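These notes are about the structure you will find just below.
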Protein chains: 2
Amino acid sequence: MDLTERKLKILEAIVNDYIHTAEPIGSRTIAKKYGMGISSATIRNEMSDLEDLGLIAQLHTSSGRIPSQKGYRFYVDRMMHEQPLAGEEALFLQGMIRQNINQIEFMMQETAKALSRLTRCPAIVSEPYLKKTRIKHLQLVPVDERALLLVLITDTKAVKNQVVTLPEAPGYEALNRLTIILNAQLHGKTVREIDRPCIEKLLEFFGGQAHILMPILGIIASMIQAEDDVRVFTSGAKNILAFPEFADREKANAIFQALEERESLMTLLAPLTGIQIIIGDENDNDWLKDCSLVRAGYSIDNQSIGTIAIIGPTRLDYAKAVSVLTGVSQNIQRVITALAH
Amino acid sequence: MDLTERKLKILEAIVNDYIHTAEPIGSRTIAKKYGMGISSATIRNEMSDLEDLGLIAQLHTSSGRIPSQKGYRFYVDRMMHEQPLAGEEALFLQGMIRQNINQIEFMMQETAKALSRLTRCPAIVSEPYLKKTRIKHLQLVPVDERALLLVLITDTKAVKNQVVTLPEAPGYEALNRLTIILNAQLHGKTVREIDRPCIEKLLEFFGGQAHILMPILGIIASMIQAEDDVRVFTSGAKNILAFPEFADREKANAIFQALEERESLMTLLAPLTGIQIIIGDENDNDWLKDCSLVRAGYSIDNQSIGTIAIIGPTRLDYAKAVSVLTGVSQNIQRVITALAH
DNA sequence: GTTAGCACTCGAAGCGAATGAGTGCTAACA
DNA sequence: TGTTAGCACTCATTCGCTTCGAGTGCTAAC
């Protein structure tokens, strides 16, 4: 679909105007506001063509035009130009770095907050997917006669721990010996690299204590593998209320509901590289059919390890969203890379 | 202030009706719905008296009556009778216990969810205040040349950890020795019991390594002392939208805003024993002037260690709220006591 | 002390006219 | 042939008006 320069300009005007005002826009307004030397009548003719192409639509016969979902898609794919972050926004992001040394959880929460502040949309952030990261250190810590604590530190300095319940837990000394063995074998490995031979070797060192080793390995695997264990942070849910398209209580409710459920959020945070824009019906989730989702992956060593996203109405400032998400994901990468050094 | 039996009945009818319908209630409706053998005219006279006492109010001269804040206070203090939890509600709470062994964080989140489900209000839950609990085990874990991880396990089996950055971190062996010393001295202690003499003793064992000990002690203290470190869990913020009193976007926004800020929530979670009901203006926080807050402490060994709360309009089903909060706090106590055994 | 009756108040709901922002179509113009 | 002015038409929104009914307070009679 190729449009004349003039049609492009008109479409752009409609999209831009509607994104900011949420009001249908008419030919006269375009002529006056975006004066491009042609009359409203001419613009009407062009608009009629754009409507035939399915790029814009009317709410009723005598209303102005609004972009259709197809129109947004066209805009995003073919017309949107990069919009660099405003100076203070970039500074705001950089300010986050200093505070967040060593505290992945805190830093992720702050990232979500920053995202929602800058986009005025609800934001979702997943912490780094551990399965893509390496084991830096393991430690077994005594809890009581029937339990020990397994602590896992990764190369991103994320710390995970879980209590392991056993029929009989080894004492402090024994745990120390096992800790040394575990580290010798597993240090620097990703979960995928804990394969048969590796486990055989561990079993050998553990002697008869398979009944201790196996639960521990199971938990290491589950800690790392289970996406379940990736924490999801949200922020700015209330921004939904500022959009007139969610004035209907039912609609706002559905969003709030989903934002409180890990499962529904996880589907939005599937790994990706780069940026993805999903508009309205293109969403698989029912509750997002009226919304747009902008997602970005962040990565370390070119491995995608996490996702950030914002949710808004289809009438979304896509250019702004893209620039903010780009900035924030770069920021996360910088911080995490610094942590992993 | 003493009221006749009949006035009490009328006030009760007004409070109950308004709590459930959010509509002002008139004399005729009371006569019909809560038929107590007297005519609407008589009820009008009684209502007029109740209004003079400041217990009920009118929105305009020809509207029905609604309870005033003073009326709610009177109701709560003098007329509200205990309402046991419905059978399925009690079962629902008990169901939570089984799932939540060993995972304080998960269990607190679930508790918040349960609270908001049962009351249909936003719920806030603080995890147990650690400073009231005992150190069960400490462990120093190597991270890299300039950092170590401090792991703290409490008698409630809560696990906390934080990375400690030092000019030069000891190696694995040295950390093990220090771990043994720390545990020998600090096991079973609350933070308050880590006093001068105790520190002197530790310093002695640590030899010249005060530069390692002091940061560690500082972090132990900050981990436990700082209320800052008590996590706060919220759930069901969206329930606010179902109350007509928050139809105004501004008002809903203020609540959502506050529910995302730890600081504002912490003020609501100040320790207490038993149950406290705070109605409208009685709140110190501006953003709560239109709301009621019902709070309950939970405790272990008669020590209050945490707080749960719900927020709603002043038109709140106080009886229900009290019974749910009572049930939930007992439930937490049971689970935590089981954990600490 | 209670009640019936009545005049009065006031918000909510319904209705119609006016308004104005928008359209499509046609005919004239460059 | 593309552009524009002009015109009739559409339709959501707003505003004033009336009606309706749920409520009140007051008075007089029981």
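Order determines the names: the first chain of the structure tokens is A, the second B, and so forth; residues in each chain are numbered 1 upward, and ligands are numbered 1 upward as they are shown.
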Spatial neighbours of DG23 in chain D, max dist 6 Å, only C-alpha atoms (C1' of nucleotides), sep filter under 2 positions, as a list in words: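 My list of contacting residues is Ser62, Ser63 and Gly64 of chain B.
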Test item: chain A residues at most 7 Å from chain D, counting only C-alpha atoms (C1' of nucleotides), as a ChimeraX atom specification: /A:39,41-42,61-62
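The coordinates place CA of Leu118 in chain A at 18.7 Å from CA of Ala258 in chain B.
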From a DSSP pass on the backbone, collect the residues of range 101-300 of chain A flagged as strand (DSSP E or B) and hand them back as a VMD selection string. chain A and resid 123 to 126 135 to 144 147 to 154 159 to 165 232 to 235 275 to 279 291 to 300
Report as a ChimeraX atom specification the set of chain C residues whose atoms approach chain B to within 9 Å, with distances computed over only C-alpha atoms (C1' of nucleotides). /C:2-4,9-11
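Distance annotation: of A:Asp155, A:Glu127, A:Glu12, A:Glu51, the residue with the minimal separation from chain B is A:Asp155; atom set is only C-alpha atoms.
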Could you name the residues that touch range 53-55 of chain B at 9 Å or less, counting only C-alpha atoms (C1' of nucleotides), but leaving out those on the same chain fewer than 2 positions away, as JSON, numbers by chain? {"B": [1, 11, 48, 49, 50, 51, 57, 66, 67, 68, 69, 70, 71, 72, 73, 74]}
Deliver the residues from the most recent selection as a file, using N, CA and C atoms, as a compact mmCIF listing (two decimals), in the first residue's frame.
```txt
# COMPACT_ATOMS: atom_id res chain seq x y z
N MET B 1 -24.04 9.38 76.07
CA MET B 1 -25.22 9.46 75.21
C MET B 1 -26.00 8.15 75.26
N LEU B 11 -31.37 3.60 64.28
CA LEU B 11 -29.99 3.90 63.87
C LEU B 11 -29.35 2.68 63.23
N SER B 48 -35.34 12.76 63.47
CA SER B 48 -35.01 14.16 63.72
C SER B 48 -34.16 14.27 65.00
N ASP B 49 -34.54 13.49 66.01
CA ASP B 49 -33.74 13.49 67.24
C ASP B 49 -32.32 12.99 66.98
N LEU B 50 -32.24 11.88 66.24
CA LEU B 50 -30.91 11.31 65.95
C LEU B 50 -30.05 12.32 65.20
N GLU B 51 -30.69 13.08 64.33
CA GLU B 51 -29.94 14.08 63.59
C GLU B 51 -29.43 15.18 64.53
N ALA B 57 -27.26 12.20 59.15
CA ALA B 57 -27.23 13.47 58.43
C ALA B 57 -28.02 13.35 57.13
N ILE B 66 -28.35 9.50 56.10
CA ILE B 66 -27.19 8.60 56.06
C ILE B 66 -26.47 8.73 57.40
N PRO B 67 -25.73 7.72 57.80
CA PRO B 67 -25.01 7.83 59.06
C PRO B 67 -23.91 8.87 58.93
N SER B 68 -23.68 9.63 59.98
CA SER B 68 -22.53 10.53 59.99
C SER B 68 -21.33 9.74 60.51
N GLN B 69 -20.13 10.34 60.46
CA GLN B 69 -18.95 9.66 60.99
C GLN B 69 -19.16 9.35 62.47
N LYS B 70 -19.78 10.32 63.16
CA LYS B 70 -20.07 10.10 64.57
C LYS B 70 -21.02 8.90 64.73
N GLY B 71 -21.96 8.80 63.77
CA GLY B 71 -22.89 7.68 63.80
C GLY B 71 -22.17 6.35 63.64
N TYR B 72 -21.25 6.30 62.71
CA TYR B 72 -20.49 5.06 62.52
C TYR B 72 -19.72 4.73 63.80
N ARG B 73 -19.11 5.75 64.37
CA ARG B 73 -18.32 5.54 65.59
C ARG B 73 -19.20 4.95 66.69
N PHE B 74 -20.40 5.55 66.84
CA PHE B 74 -21.35 5.06 67.84
C PHE B 74 -21.70 3.60 67.56
```
Step one, run DSSP on the backbone; step two, keep only residues of range 65-183 of chain B assigned to alpha helix (DSSP H); then write them as number ranges by chain. B: 69-74, 87-99, 104-119, 172-183
Generate the output file for the selected residues, C-alpha atoms, as a PDB file, in the first residue's frame.
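File written: result_0.pdb
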```pdb
ATOM      1  CA  GLN B  69     -18.953   9.657  60.993  1.00  0.00           C
ATOM      2  CA  LYS B  70     -20.071  10.095  64.566  1.00  0.00           C
ATOM      3  CA  GLY B  71     -22.888   7.680  63.803  1.00  0.00           C
ATOM      4  CA  TYR B  72     -20.487   5.065  62.525  1.00  0.00           C
ATOM      5  CA  ARG B  73     -18.323   5.538  65.588  1.00  0.00           C
ATOM      6  CA  PHE B  74     -21.346   5.061  67.844  1.00  0.00           C
ATOM      7  CA  GLY B  87     -18.268 -21.604  56.945  1.00  0.00           C
ATOM      8  CA  GLU B  88     -16.796 -21.437  53.469  1.00  0.00           C
ATOM      9  CA  GLU B  89     -14.806 -18.360  54.413  1.00  0.00           C
ATOM     10  CA  ALA B  90     -13.230 -20.125  57.361  1.00  0.00           C
ATOM     11  CA  LEU B  91     -12.421 -23.102  55.144  1.00  0.00           C
ATOM     12  CA  PHE B  92     -10.922 -20.817  52.537  1.00  0.00           C
ATOM     13  CA  LEU B  93      -8.568 -19.400  55.153  1.00  0.00           C
ATOM     14  CA  GLN B  94      -7.597 -22.776  56.483  1.00  0.00           C
ATOM     15  CA  GLY B  95      -6.804 -23.923  52.968  1.00  0.00           C
ATOM     16  CA  MET B  96      -4.062 -21.328  52.851  1.00  0.00           C
ATOM     17  CA  ILE B  97      -2.082 -22.980  55.612  1.00  0.00           C
ATOM     18  CA  ARG B  98      -1.096 -26.123  53.843  1.00  0.00           C
ATOM     19  CA  GLN B  99       0.397 -24.417  50.828  1.00  0.00           C
ATOM     20  CA  ILE B 104       6.896 -16.352  54.251  1.00  0.00           C
ATOM     21  CA  GLU B 105       6.843 -14.094  51.235  1.00  0.00           C
ATOM     22  CA  PHE B 106       4.379 -16.226  49.349  1.00  0.00           C
ATOM     23  CA  MET B 107       2.233 -16.727  52.394  1.00  0.00           C
ATOM     24  CA  MET B 108       2.026 -12.977  53.053  1.00  0.00           C
ATOM     25  CA  GLN B 109       1.020 -12.285  49.489  1.00  0.00           C
ATOM     26  CA  GLU B 110      -1.660 -14.930  49.747  1.00  0.00           C
ATOM     27  CA  THR B 111      -2.827 -13.480  53.016  1.00  0.00           C
ATOM     28  CA  ALA B 112      -3.263 -10.091  51.407  1.00  0.00           C
ATOM     29  CA  LYS B 113      -5.163 -11.699  48.572  1.00  0.00           C
ATOM     30  CA  ALA B 114      -7.428 -13.545  50.978  1.00  0.00           C
ATOM     31  CA  LEU B 115      -8.121 -10.377  52.945  1.00  0.00           C
ATOM     32  CA  SER B 116      -9.099  -8.415  49.871  1.00  0.00           C
ATOM     33  CA  ARG B 117     -11.227 -11.250  48.535  1.00  0.00           C
ATOM     34  CA  LEU B 118     -13.180 -11.666  51.734  1.00  0.00           C
ATOM     35  CA  THR B 119     -13.716  -7.987  52.439  1.00  0.00           C
ATOM     36  CA  TYR B 172      35.987 -19.014  51.709  1.00  0.00           C
ATOM     37  CA  GLU B 173      37.921 -20.571  54.583  1.00  0.00           C
ATOM     38  CA  ALA B 174      38.162 -17.363  56.541  1.00  0.00           C
ATOM     39  CA  LEU B 175      34.456 -16.692  56.067  1.00  0.00           C
ATOM     40  CA  ASN B 176      33.688 -20.100  57.459  1.00  0.00           C
ATOM     41  CA  ARG B 177      35.670 -19.371  60.594  1.00  0.00           C
ATOM     42  CA  LEU B 178      33.903 -16.043  61.028  1.00  0.00           C
ATOM     43  CA  THR B 179      30.545 -17.704  60.430  1.00  0.00           C
ATOM     44  CA  ILE B 180      31.217 -20.101  63.298  1.00  0.00           C
ATOM     45  CA  ILE B 181      32.164 -17.265  65.621  1.00  0.00           C
ATOM     46  CA  LEU B 182      29.130 -15.188  64.697  1.00  0.00           C
ATOM     47  CA  ASN B 183      26.752 -18.050  65.277  1.00  0.00           C
TER      48      ASN B 183
END
```
Tell me, in Å to one decimal, how far CA of Val294 in chain B is from CA of Val322 in chain B.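 One can read the CA of Val294 in chain B to CA of Val322 in chain B distance as 7.4 Å.
Residue nearest chain A within the list B:Ser235, B:Thr21, B:Ser27, B:Gln83: B:Ser235 [criterion: smallest interatomic distance, only C-alpha atoms].
Note that CA of Val230 in chain B and CA of Val159 in chain A are 18.0 Å apart.
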